[in-house]
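Peer 1: The structure file my_file_17.txt (compact mmCIF, C-alpha atoms) is provided below.
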```txt
# COMPACT_ATOMS: atom_id res chain seq x y z
CA MET A 1 -26.94 -17.25 -17.44
CA ASN A 2 -29.14 -19.83 -15.83
CA VAL A 3 -27.12 -22.99 -15.47
CA LEU A 4 -29.23 -26.13 -15.08
CA HIS A 5 -26.68 -28.91 -15.52
CA HIS A 6 -23.78 -28.88 -13.08
CA LEU A 7 -20.61 -30.82 -12.31
CA ASP A 8 -20.83 -34.24 -10.72
CA ASP A 9 -19.78 -34.24 -7.04
CA ALA A 10 -16.96 -36.69 -7.80
CA THR A 11 -15.66 -34.24 -10.42
CA ILE A 12 -15.75 -31.36 -7.91
CA LEU A 13 -13.57 -33.43 -5.57
CA ARG A 14 -11.21 -34.49 -8.33
CA TYR A 15 -10.76 -30.89 -9.48
CA ALA A 16 -10.18 -29.61 -5.94
CA SER A 17 -7.66 -32.35 -5.18
CA GLY A 18 -5.89 -31.85 -8.50
CA ASP A 19 -6.73 -35.22 -10.08
CA LEU A 20 -8.03 -34.00 -13.46
CA ASP A 21 -5.68 -33.85 -16.41
CA GLU A 22 -5.30 -30.64 -18.38
CA ALA A 23 -8.08 -31.36 -20.93
CA PHE A 24 -10.73 -32.04 -18.29
CA ALA A 25 -9.45 -29.29 -16.00
CA VAL A 26 -9.91 -26.73 -18.83
CA VAL A 27 -13.53 -27.81 -19.30
CA VAL A 28 -14.23 -27.72 -15.56
CA ALA A 29 -12.52 -24.34 -15.09
CA SER A 30 -14.48 -22.92 -18.05
CA HIS A 31 -17.72 -24.14 -16.49
CA LEU A 32 -16.65 -22.58 -13.17
CA ALA A 33 -16.18 -19.28 -14.97
CA MET A 34 -19.88 -19.49 -15.91
CA CYS A 35 -21.41 -21.08 -12.79
CA PRO A 36 -21.44 -19.48 -9.31
CA ALA A 37 -23.00 -22.60 -7.71
CA CYS A 38 -20.13 -24.85 -8.81
CA ARG A 39 -17.58 -22.20 -7.76
CA ARG A 40 -19.00 -22.40 -4.29
CA ALA A 41 -18.88 -26.22 -4.39
CA VAL A 42 -15.21 -26.13 -5.43
CA ARG A 43 -14.36 -23.65 -2.67
CA LEU A 44 -15.92 -26.00 -0.17
CA ALA A 45 -14.01 -28.97 -1.61
CA GLU A 46 -10.77 -26.95 -1.43
CA GLU A 47 -11.47 -26.39 2.26
CA LEU A 48 -11.28 -30.17 2.70
CA GLY A 49 -7.76 -30.00 1.34
CA GLY A 50 -6.94 -27.13 3.69
CA SER A 51 -8.20 -29.06 6.66
CA LEU A 52 -6.20 -32.17 5.74
CA LEU A 53 -3.10 -30.02 5.13
CA GLU A 54 -3.53 -28.50 8.57
CA ASP A 55 -3.88 -31.91 10.23
CA THR A 56 -1.00 -33.50 8.38
CA GLU A 57 2.10 -34.53 10.31
CA GLU A 58 5.01 -32.13 9.82
CA THR A 59 8.32 -32.87 8.15
CA ALA A 60 11.16 -30.68 9.41
CA LEU A 61 12.44 -28.23 6.82
CA ALA A 62 16.11 -27.97 5.88
CA PRO A 63 18.02 -25.97 8.51
CA ARG A 64 18.36 -22.77 6.47
CA ALA A 65 14.95 -22.86 4.80
CA LEU A 66 13.59 -19.74 6.49
CA GLU A 67 16.73 -17.75 5.73
CA GLN A 68 16.62 -18.88 2.11
CA VAL A 69 12.98 -18.06 1.54
CA LEU A 70 13.30 -14.65 3.22
CA ALA A 71 16.20 -13.88 0.90
CA ARG A 72 13.95 -14.66 -2.07
CA LEU A 73 11.10 -12.36 -1.05
CA ASP A 74 12.59 -9.37 -2.83
CA THR A 75 13.41 -11.13 -6.08
CA PRO A 76 11.02 -9.88 -8.72
CA ALA A 77 8.07 -12.13 -9.46
CA PRO A 78 7.87 -13.61 -12.96
CA ALA A 79 5.92 -11.33 -15.27
CA PRO A 80 2.21 -11.87 -14.73
CA ARG A 81 0.24 -13.45 -17.54
CA LEU A 82 -1.00 -10.98 -20.10
CA ALA A 83 -4.14 -9.35 -18.91
CA GLU A 84 -6.87 -11.36 -20.56
CA ALA A 85 -9.36 -8.56 -20.23
CA GLU A 86 -10.19 -8.17 -23.89
CA PRO A 87 -13.90 -8.29 -24.58
CA GLY A 88 -15.08 -11.63 -25.89
CA ASP A 89 -17.43 -14.54 -25.41
CA VAL A 90 -14.84 -17.21 -24.58
CA PRO A 91 -14.60 -18.14 -20.89
CA GLN A 92 -11.36 -16.98 -19.29
CA PRO A 93 -9.68 -20.39 -18.78
CA LEU A 94 -10.12 -21.24 -22.47
CA ARG A 95 -8.74 -17.95 -23.79
CA ARG A 96 -5.12 -18.89 -23.57
CA TYR A 97 -5.90 -21.77 -25.92
CA ILE A 98 -8.21 -20.13 -28.48
CA GLY A 99 -8.24 -16.39 -27.78
CA PRO A 100 -11.19 -14.28 -26.61
CA ARG A 101 -13.70 -14.68 -29.47
CA LEU A 102 -15.65 -17.74 -30.65
CA ASP A 103 -15.85 -16.13 -34.11
CA ASP A 104 -12.08 -16.50 -34.48
CA VAL A 105 -11.95 -20.29 -33.98
CA PRO A 106 -10.31 -21.93 -37.02
CA TRP A 107 -12.98 -24.60 -37.61
CA LYS A 108 -12.49 -27.57 -39.91
CA THR A 109 -15.51 -29.30 -41.42
CA VAL A 110 -15.45 -33.00 -40.50
CA ALA A 111 -18.95 -34.07 -41.60
CA PRO A 112 -21.93 -32.28 -43.10
CA GLY A 113 -22.99 -29.63 -40.59
CA ILE A 114 -20.29 -30.59 -38.09
CA ARG A 115 -17.13 -28.56 -37.66
CA ARG A 116 -14.34 -29.26 -35.22
CA HIS A 117 -11.30 -27.55 -33.76
CA ARG A 118 -8.78 -29.64 -31.87
CA ILE A 119 -7.02 -27.98 -28.96
CA ARG A 120 -3.51 -29.05 -28.13
CA THR A 121 -2.82 -29.75 -24.45
CA GLY A 122 -0.17 -31.61 -22.50
CA SER A 123 -2.59 -34.38 -21.56
CA ALA A 124 -3.46 -37.61 -23.34
CA SER A 125 -7.20 -36.92 -23.24
CA PRO A 126 -8.41 -35.25 -26.44
CA LEU A 127 -9.80 -31.71 -26.03
CA TYR A 128 -11.74 -30.16 -28.88
CA MET A 129 -14.53 -27.80 -29.79
CA LEU A 130 -17.52 -28.68 -31.93
CA HIS A 131 -19.69 -26.41 -34.03
CA ILE A 132 -22.88 -28.27 -34.88
CA GLY A 133 -25.41 -26.78 -37.27
CA PRO A 134 -28.99 -25.94 -36.26
CA GLY A 135 -31.25 -29.00 -36.13
CA LYS A 136 -28.32 -31.40 -36.60
CA ALA A 137 -27.98 -34.57 -34.56
CA VAL A 138 -24.71 -36.11 -33.48
CA PRO A 139 -24.81 -39.90 -34.04
CA GLU A 140 -25.86 -41.83 -30.96
CA HIS A 141 -22.78 -42.80 -29.05
CA GLY A 142 -21.69 -44.29 -25.80
CA HIS A 143 -18.37 -43.51 -24.19
CA GLY A 144 -15.27 -45.61 -23.85
CA GLY A 145 -14.55 -43.41 -20.85
CA ALA A 146 -15.74 -40.23 -19.24
CA GLU A 147 -16.84 -37.36 -21.49
CA MET A 148 -17.41 -33.78 -20.49
CA THR A 149 -19.24 -31.32 -22.74
CA LEU A 150 -19.64 -27.64 -21.92
CA ILE A 151 -22.07 -25.59 -24.00
CA LEU A 152 -20.63 -22.23 -24.95
CA SER A 153 -23.35 -21.08 -27.33
CA GLY A 154 -26.63 -22.43 -28.72
CA ALA A 155 -28.35 -25.46 -27.24
CA TYR A 156 -28.99 -29.15 -27.76
CA SER A 157 -31.33 -31.69 -26.25
CA ASP A 158 -30.94 -35.37 -25.57
CA ALA A 159 -32.45 -37.93 -23.19
CA LEU A 160 -30.83 -36.06 -20.29
CA GLY A 161 -32.59 -32.80 -21.02
CA ARG A 162 -31.85 -29.46 -22.63
CA PHE A 163 -28.32 -28.10 -22.49
CA GLY A 164 -27.80 -24.38 -23.06
CA PRO A 165 -24.90 -21.96 -22.50
CA GLY A 166 -23.01 -22.73 -19.29
CA ASP A 167 -24.55 -26.17 -18.90
CA ILE A 168 -22.19 -29.10 -18.59
CA ALA A 169 -22.82 -32.75 -19.42
CA ASP A 170 -20.49 -34.58 -17.05
CA LEU A 171 -20.97 -38.17 -18.20
CA ASP A 172 -19.34 -41.44 -17.31
CA GLU A 173 -18.80 -44.34 -19.67
CA HIS A 174 -22.22 -45.89 -19.06
CA VAL A 175 -24.26 -43.14 -20.65
CA GLU A 176 -25.31 -43.31 -24.28
CA HIS A 177 -26.81 -40.26 -25.87
CA GLN A 178 -27.76 -38.67 -29.14
CA PRO A 179 -27.66 -34.90 -28.83
CA ARG A 180 -29.80 -32.92 -31.29
CA VAL A 181 -29.10 -29.24 -31.74
CA GLU A 182 -32.09 -26.90 -31.50
CA PRO A 183 -33.22 -25.20 -34.68
CA GLY A 184 -32.29 -21.56 -35.25
CA ALA A 185 -28.67 -21.37 -34.13
CA PRO A 186 -25.61 -23.61 -34.17
CA CYS A 187 -24.39 -25.17 -30.95
CA ILE A 188 -20.79 -24.53 -29.99
CA CYS A 189 -19.35 -26.73 -27.27
CA LEU A 190 -16.08 -27.66 -25.62
CA VAL A 191 -15.48 -31.37 -25.16
CA ALA A 192 -12.94 -33.48 -23.27
CA THR A 193 -13.02 -37.25 -23.60
CA GLU A 194 -11.10 -39.85 -21.71
CA ARG A 195 -10.67 -42.11 -24.71
CA PRO A 196 -12.02 -41.92 -28.22
CA THR A 197 -15.76 -42.33 -28.05
CA ARG A 198 -17.22 -45.37 -29.73
CA PHE A 199 -20.20 -44.93 -31.99
CA LYS A 200 -23.05 -47.35 -32.38
CA GLY A 201 -24.17 -48.56 -35.77
CA LEU A 202 -22.32 -49.01 -39.02
CA VAL A 203 -22.88 -45.55 -40.45
CA SER A 204 -21.88 -43.98 -37.20
CA ARG A 205 -18.79 -46.13 -37.04
CA LEU A 206 -17.82 -44.87 -40.46
CA LEU A 207 -18.37 -41.35 -39.22
CA GLN A 208 -16.16 -41.78 -36.21
CA PRO A 209 -12.79 -41.24 -37.84
CA LEU A 210 -14.22 -38.10 -39.43
CA VAL A 211 -15.66 -36.63 -36.32
CA GLY A 212 -13.01 -38.04 -34.07
CA ILE A 213 -15.26 -38.16 -31.06
CA MET B 1 -5.66 -36.46 12.35
CA GLN B 2 -5.82 -39.52 14.58
CA SER B 3 -7.59 -37.74 17.38
CA ALA B 4 -9.85 -35.95 14.94
CA ARG B 5 -11.34 -39.32 14.06
CA LEU B 6 -12.91 -39.49 17.47
CA ILE B 7 -14.99 -36.45 16.73
CA GLU B 8 -18.57 -37.33 16.09
CA GLN B 9 -20.32 -34.03 15.77
CA PRO B 10 -19.35 -30.40 15.63
CA PRO B 11 -19.13 -28.69 18.99
CA GLY B 12 -21.56 -25.99 19.92
CA TYR B 13 -22.24 -26.44 23.57
CA ALA B 14 -20.65 -25.09 26.72
CA VAL B 15 -17.63 -26.77 28.30
CA SER B 16 -19.62 -27.51 31.45
CA ASP B 17 -21.97 -29.75 29.47
CA LEU B 18 -19.21 -32.09 28.43
CA ARG B 19 -19.73 -35.59 29.51
CA SER B 20 -16.40 -37.21 28.89
CA GLU B 21 -12.74 -36.41 28.75
CA GLN B 22 -12.82 -37.37 25.11
CA GLU B 23 -15.33 -34.65 24.37
CA GLN B 24 -13.39 -32.19 26.42
CA ALA B 25 -10.22 -32.99 24.52
CA ARG B 26 -12.13 -32.49 21.30
CA ALA B 27 -13.49 -29.12 22.42
CA LEU B 28 -9.97 -28.02 23.32
CA ARG B 29 -8.70 -29.13 19.94
CA GLU B 30 -11.47 -27.27 18.16
CA ALA B 31 -10.81 -24.13 20.17
CA GLU B 32 -7.10 -24.38 19.36
CA ALA B 33 -7.86 -24.88 15.67
CA ALA B 34 -10.17 -21.84 15.66
CA ARG B 35 -7.49 -19.77 17.39
CA LEU B 36 -4.93 -20.85 14.78
CA ARG B 37 -7.23 -19.99 11.89
CA ALA B 38 -7.82 -16.51 13.32
CA GLU B 39 -4.08 -16.12 13.82
CA HIS B 40 -3.40 -17.11 10.20
CA ARG B 41 -5.93 -14.59 8.94
CA ALA B 42 -4.24 -11.90 11.03
CA LEU B 43 -0.79 -12.87 9.69
CA VAL B 44 -2.06 -12.69 6.12
CA ALA B 45 -3.58 -9.26 6.81
CA ARG B 46 -0.22 -8.05 8.12
CA ILE B 47 1.58 -9.36 5.03
CA ALA B 48 -0.99 -7.81 2.70
CA GLY B 49 -1.04 -4.50 4.55
CA ALA B 50 2.60 -3.90 5.37
CA ARG B 51 4.66 -6.62 3.64
CA ASP B 52 5.43 -7.75 7.19
CA ARG B 53 8.33 -10.24 7.07
CA ALA B 54 7.92 -11.41 10.66
CA ALA B 55 4.32 -12.32 9.87
CA PHE B 56 5.52 -14.21 6.79
CA ALA B 57 8.15 -16.05 8.84
CA ALA B 58 5.45 -17.15 11.30
CA LEU B 59 3.21 -18.39 8.48
CA PHE B 60 6.19 -20.19 6.92
CA ALA B 61 7.06 -21.88 10.21
CA HIS B 62 3.53 -23.25 10.40
CA PHE B 63 2.81 -24.25 6.80
CA GLY B 64 6.32 -24.96 5.46
CA PRO B 65 6.74 -28.33 7.26
CA ARG B 66 3.19 -29.37 6.37
CA ILE B 67 3.64 -28.55 2.68
CA LYS B 68 6.92 -30.47 2.75
CA ALA B 69 5.16 -33.53 4.22
CA LEU B 70 2.49 -33.30 1.52
CA MET B 71 5.09 -33.15 -1.24
CA ILE B 72 7.01 -36.13 0.13
CA ARG B 73 3.83 -38.19 0.18
CA ALA B 74 3.24 -37.12 -3.42
CA GLY B 75 6.62 -38.56 -4.39
CA ALA B 76 9.14 -35.73 -3.90
CA ASP B 77 12.51 -36.35 -2.25
CA HIS B 78 13.55 -34.15 0.69
CA ALA B 79 15.46 -31.58 -1.36
CA GLN B 80 12.65 -31.25 -3.89
CA ALA B 81 10.02 -31.05 -1.13
CA ASP B 82 12.03 -28.28 0.59
CA ASP B 83 12.19 -26.35 -2.69
CA LEU B 84 8.48 -26.78 -3.25
CA ALA B 85 7.61 -25.66 0.28
CA GLN B 86 9.65 -22.50 -0.33
CA ASP B 87 8.12 -21.92 -3.76
CA VAL B 88 4.58 -22.32 -2.45
CA MET B 89 5.18 -19.86 0.38
CA LEU B 90 6.87 -17.44 -2.01
CA THR B 91 3.71 -17.58 -4.14
CA VAL B 92 1.69 -16.85 -0.99
CA TRP B 93 3.82 -13.74 -0.45
CA ARG B 94 3.45 -12.59 -4.05
CA LYS B 95 -0.25 -13.29 -4.43
CA ILE B 96 -1.30 -12.21 -0.97
CA ASP B 97 -3.76 -9.68 -2.40
CA LEU B 98 -5.74 -12.51 -3.99
CA TYR B 99 -6.66 -13.95 -0.59
CA HIS B 100 -10.18 -13.02 0.39
CA PRO B 101 -11.27 -14.08 3.93
CA ALA B 102 -14.96 -14.27 2.96
CA ARG B 103 -14.12 -16.91 0.34
CA GLY B 104 -12.45 -19.41 2.65
CA SER B 105 -9.69 -20.12 5.14
CA VAL B 106 -5.98 -19.38 4.77
CA GLN B 107 -5.24 -23.09 4.96
CA GLY B 108 -7.66 -23.80 2.11
CA TRP B 109 -6.03 -21.12 -0.02
CA ILE B 110 -2.51 -22.36 0.69
CA PHE B 111 -3.67 -25.89 -0.11
CA THR B 112 -4.69 -24.80 -3.62
CA ILE B 113 -1.31 -23.13 -4.23
CA ALA B 114 0.45 -26.30 -3.05
CA ARG B 115 -1.84 -28.42 -5.26
CA ASN B 116 -0.89 -26.39 -8.33
CA ALA B 117 2.83 -26.51 -7.53
CA ARG B 118 2.59 -30.27 -7.10
CA ILE B 119 0.89 -30.75 -10.48
CA ASP B 120 3.40 -28.49 -12.24
CA ARG B 121 6.52 -29.89 -10.71
CA LEU B 122 5.90 -33.46 -9.58
CA ARG B 123 3.43 -34.68 -12.13
CA ARG B 124 4.94 -32.83 -15.07
CA GLY B 125 1.44 -31.85 -15.97
CA SER B 126 0.11 -28.37 -16.36
CA ALA B 127 -1.69 -26.72 -13.48
CA ARG B 128 -2.62 -23.79 -15.69
CA PRO B 129 -6.29 -24.69 -15.93
CA TYR B 130 -6.47 -25.01 -12.13
CA GLU B 131 -7.46 -21.42 -11.83
CA ASP B 132 -7.90 -19.64 -8.57
CA VAL B 133 -11.67 -19.68 -8.07
CA GLU B 134 -11.33 -16.10 -6.91
CA ALA B 135 -9.77 -15.08 -10.22
CA LEU B 136 -12.50 -16.88 -12.15
CA GLU B 137 -15.14 -15.01 -10.23
CA LEU B 138 -13.48 -11.66 -10.88
CA ALA B 139 -13.42 -12.38 -14.60
CA SER B 140 -16.99 -13.64 -14.70
CA ASP B 141 -20.05 -11.57 -15.49
CA THR B 142 -21.91 -13.34 -12.69
CA PRO B 143 -20.29 -12.24 -9.44
CA ASP B 144 -20.94 -14.59 -6.55
CA GLY B 145 -22.04 -12.08 -3.95
CA GLU B 146 -23.51 -13.85 -0.95
CA GLU B 147 -23.50 -17.17 -2.70
CA GLY B 148 -19.73 -17.24 -2.78
CA VAL B 149 -19.28 -16.55 0.90
CA LEU B 150 -17.87 -19.45 2.88
CA SER B 151 -18.45 -18.31 6.42
CA SER B 152 -15.77 -18.89 9.02
CA GLU B 153 -18.46 -20.99 10.70
CA ILE B 154 -18.34 -23.41 7.77
CA CYS B 155 -14.55 -23.39 7.50
CA GLU B 156 -14.20 -24.12 11.18
CA HIS B 157 -16.28 -27.26 11.00
CA VAL B 158 -14.67 -28.86 7.96
CA GLY B 159 -12.26 -30.96 10.04
CA ALA B 160 -15.01 -32.18 12.36
CA ALA B 161 -17.24 -32.99 9.39
CA ILE B 162 -14.49 -35.08 7.73
CA ALA B 163 -14.07 -36.96 10.99
CA THR B 164 -17.74 -37.98 10.95
CA LEU B 165 -17.46 -39.75 7.58
CA PRO B 166 -17.60 -43.54 7.60
CA ASP B 167 -14.10 -45.03 7.37
CA ASP B 168 -14.42 -46.17 3.76
CA GLN B 169 -15.39 -42.68 2.57
CA ARG B 170 -12.90 -40.82 4.74
CA THR B 171 -10.03 -42.98 3.51
CA ILE B 172 -10.80 -42.03 -0.08
CA ILE B 173 -10.90 -38.33 0.78
CA GLU B 174 -7.56 -38.61 2.58
CA TYR B 175 -5.97 -40.53 -0.28
CA ALA B 176 -7.17 -37.99 -2.83
CA TYR B 177 -6.10 -34.85 -0.97
CA ALA B 178 -3.32 -35.78 1.40
CA HIS B 179 -1.63 -38.58 -0.55
CA ASP B 180 -2.11 -37.16 -4.03
CA LEU B 181 -3.50 -40.41 -5.37
CA SER B 182 -5.57 -40.40 -8.54
CA GLN B 183 -8.97 -42.03 -8.65
CA THR B 184 -7.44 -44.98 -10.49
CA GLN B 185 -4.60 -45.35 -7.98
CA ILE B 186 -7.09 -45.29 -5.11
CA ALA B 187 -9.12 -48.03 -6.78
CA ARG B 188 -5.99 -50.13 -7.22
CA ARG B 189 -4.76 -49.59 -3.69
CA LEU B 190 -8.11 -50.44 -2.11
CA GLU B 191 -8.75 -53.22 -4.64
CA LEU B 192 -12.09 -51.69 -5.55
CA PRO B 193 -13.71 -51.15 -8.94
CA LEU B 194 -13.28 -47.57 -10.19
CA GLY B 195 -17.05 -47.08 -10.10
CA THR B 196 -17.11 -47.84 -6.37
CA VAL B 197 -14.41 -45.26 -5.70
CA LYS B 198 -16.39 -42.70 -7.70
CA SER B 199 -19.63 -43.43 -5.88
CA ARG B 200 -17.91 -43.23 -2.48
CA MET B 201 -16.42 -39.89 -3.48
CA ARG B 202 -19.89 -38.70 -4.39
CA LEU B 203 -21.36 -39.97 -1.14
CA ALA B 204 -18.57 -38.45 0.93
CA TYR B 205 -18.76 -35.07 -0.71
CA GLY B 206 -22.58 -35.03 -0.64
CA ARG B 207 -22.53 -35.79 3.04
CA LEU B 208 -19.93 -33.15 3.86
CA LYS B 209 -21.75 -30.58 1.79
CA ASP B 210 -25.07 -31.27 3.52
CA ARG B 211 -23.47 -31.08 6.91
CA LEU B 212 -21.55 -27.90 6.26
CA GLU B 213 -24.23 -26.06 4.32
CA GLU B 214 -26.53 -26.45 7.33
CA LEU B 215 -24.22 -23.95 9.04
CA ARG B 216 -24.76 -21.39 6.33
```
Would it be possible to restate this file's structure as structure tokens?
Peer 2:
Amino acid sequence: MNVLHHLDDATILRYASGDLDEAFAVVVASHLAMCPACRRAVRLAEELGGSLLEDTEETALAPRALEQVLARLDTPAPAPRLAEAEPGDVPQPLRRYIGPRLDDVPWKTVAPGIRRHRIRTGSASPLYMLHIGPGKAVPEHGHGGAEMTLILSGAYSDALGRFGPGDIADLDEHVEHQPRVEPGAPCICLVATERPTRFKGLVSRLLQPLVGI
Amino acid sequence: MQSARLIEQPPGYAVSDLRSEQEQARALREAEAARLRAEHRALVARIAGARDRAAFAALFAHFGPRIKALMIRAGADHAQADDLAQDVMLTVWRKIDLYHPARGSVQGWIFTIARNARIDRLRRGSARPYEDVEALELASDTPDGEEGVLSSEICEHVGAAIATLPDDQRTIIEYAYAHDLSQTQIARRLELPLGTVKSRMRLAYGRLKDRLEELR
């Protein structure tokens, strides 16, 4: 996989410091599963946290803290998560939400050529997957807030370039774009948005409640 | 942290070259920090190799009070912060085999465990997607190899590199990591537009990355 579009530096810092909500963290973690360069960047950003932890002033622990924690060392650890080693094309961090195979996603058609699957998370930001038919364009839209799109399969192009598997469009609210899927294969992507995206134009506005993006 | 702010560039010259007491103090601090990092790696190796409780107790004595301070700044009361410090160190004990010295420092690893505990318990959010980068790499079909290596050289200069940031950028980094403030909270506290906070984050991280990657 040759990833061309990476995470914004501010996003790397927010992930490393724990500032992203669940929806955005899933998208970032899924990109990390596909992108060695961003893994390295996150490791470096986590070192900043380590350094600040090291330099922090200390707060004395409760008197019997050591005794208590030593007593807990032999208590059995909670059962580890099920091994998620099944073969599949879904990145690891997304598997606990949709399983290991993209073919098994329960899509719902929301507009001609556009299918969607909403993913339930504990965060307010919507997280969903889109399945957009070959050659289809998503109506031009700006963003009420940040939007992050990770390509899992297929490819689309917009003013920012070509986005293929592993690429992430990490956009703030000022960007407007109109992605068009390449002919030949559908494009499957994972999207987190800060707030419902607003569409330009009357037809697009009518589409919005259908697409929900 | 206060004295670290005096640091202007990473050390790399002999003690005899030092021009001022300030620089000498900095070199001593750096040497002490390097010694501590090596000691932590050795303690982790003893825990991983022999489930050595004395080594764990030493690691707990060092990191426990720091994790507690972090949790209190993130909004925990003393009892809760004590619990969290214990939980984090218990996770260290249980997951010790996941620590990989070539992928970063012990302090960086413990920071990520503390970060996840803080999201789970204090923010009532889910830290589940905050995967261990190590685990993501293992599951990926593109292993990092050399690219994933964070040399001890790099890890050792992180503190000095943070200290060289301009005040306005360093403050944002400290708020984000050490005070557990969100981007929006930082903007409110500093009375800055959100976009300015984001661009300072970008500048700060870009600068640190450039500085540290030179050591690669």
Peer 1: With a distance threshold of 6 Å and counting all atoms listed in the file, extract the residues of chain B near chain A and express them as JSON, numbers by chain.
Peer 2: {"B": [1, 65, 66, 69, 86, 107, 108, 111, 129, 136, 140, 144, 148, 159, 177, 182, 201, 202]}
Peer 1: With C-alpha atoms retained, could you export that selection as a PDB file, in the frame of the given file?
Peer 2:
```pdb
ATOM      1  CA  MET B   1      -5.660 -36.460  12.350  1.00  0.00           C
ATOM      2  CA  PRO B  65       6.740 -28.330   7.260  1.00  0.00           C
ATOM      3  CA  ARG B  66       3.190 -29.370   6.370  1.00  0.00           C
ATOM      4  CA  ALA B  69       5.160 -33.530   4.220  1.00  0.00           C
ATOM      5  CA  GLN B  86       9.650 -22.500  -0.330  1.00  0.00           C
ATOM      6  CA  GLN B 107      -5.240 -23.090   4.960  1.00  0.00           C
ATOM      7  CA  GLY B 108      -7.660 -23.800   2.110  1.00  0.00           C
ATOM      8  CA  PHE B 111      -3.670 -25.890  -0.110  1.00  0.00           C
ATOM      9  CA  PRO B 129      -6.290 -24.690 -15.930  1.00  0.00           C
ATOM     10  CA  LEU B 136     -12.500 -16.880 -12.150  1.00  0.00           C
ATOM     11  CA  SER B 140     -16.990 -13.640 -14.700  1.00  0.00           C
ATOM     12  CA  ASP B 144     -20.940 -14.590  -6.550  1.00  0.00           C
ATOM     13  CA  GLY B 148     -19.730 -17.240  -2.780  1.00  0.00           C
ATOM     14  CA  GLY B 159     -12.260 -30.960  10.040  1.00  0.00           C
ATOM     15  CA  TYR B 177      -6.100 -34.850  -0.970  1.00  0.00           C
ATOM     16  CA  SER B 182      -5.570 -40.400  -8.540  1.00  0.00           C
ATOM     17  CA  MET B 201     -16.420 -39.890  -3.480  1.00  0.00           C
ATOM     18  CA  ARG B 202     -19.890 -38.700  -4.390  1.00  0.00           C
TER      19      ARG B 202
END
```
Peer 1: When you count only C-alpha atoms, which of these residues is closest to Val3 of chain A: A:Ile151, A:Thr193, A:Gln178, A:Ile132?
Peer 2: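 Between A:Ile151, A:Thr193, A:Gln178, A:Ile132, the residue approaching Val3 of chain A most closely is A:Ile151.
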Peer 1: Which polymer residues have any atom within 10 Å of an atom of Ala45 of chain B, counting all atoms listed in the file, with same-chain residues fewer than 3 positions away left out, as an NGL selection string?
Peer 2: :B and (39-42 or 48-52 or 55 or 96-97 or 99-101)
Peer 1: Can you measure atom CA of Gln185 of chain B to atom CA of Met89 of chain B for me? One decimal in Å is fine.
Peer 2: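 Computed distance, atom CA of Gln185 of chain B to atom CA of Met89 of chain B, equals 28.6 Å.
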Peer 1: Which value, in Å to one decimal, gives the distance between atom CA of Pro166 of chain B and atom CA of Arg200 of chain B?
Peer 2: 10.1 Å
Peer 1: Of the residues B:Ala85, B:Ile119, B:Ala204, B:Leu212, which is the one nearest to Asp167 of chain B, using all atoms listed in the file?
Peer 2: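 Closest candidate: B:Ala204.
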Peer 1: How many Å lie between atom CA of Arg116 of chain A and atom CA of Asp89 of chain A, rounded to one decimal?
Peer 2: 18.0 Å
Peer 1: With all atoms listed in the file as the basis for distance, which of B:Val149, B:Leu190, B:Leu59, B:Ala114 is at the shortest distance from Tyr175 of chain B?
Peer 2: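 Among the listed residues, B:Leu190 lies closest to Tyr175 of chain B.
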Peer 1: Which one of A:Gly113, A:Glu194, A:Pro87, A:Cys189 sits closest to Arg101 of chain A if you count all atoms listed in the file?
Peer 2: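 Of A:Gly113, A:Glu194, A:Pro87, A:Cys189, the one nearest Arg101 of chain A, counting all atoms listed in the file, is A:Pro87.
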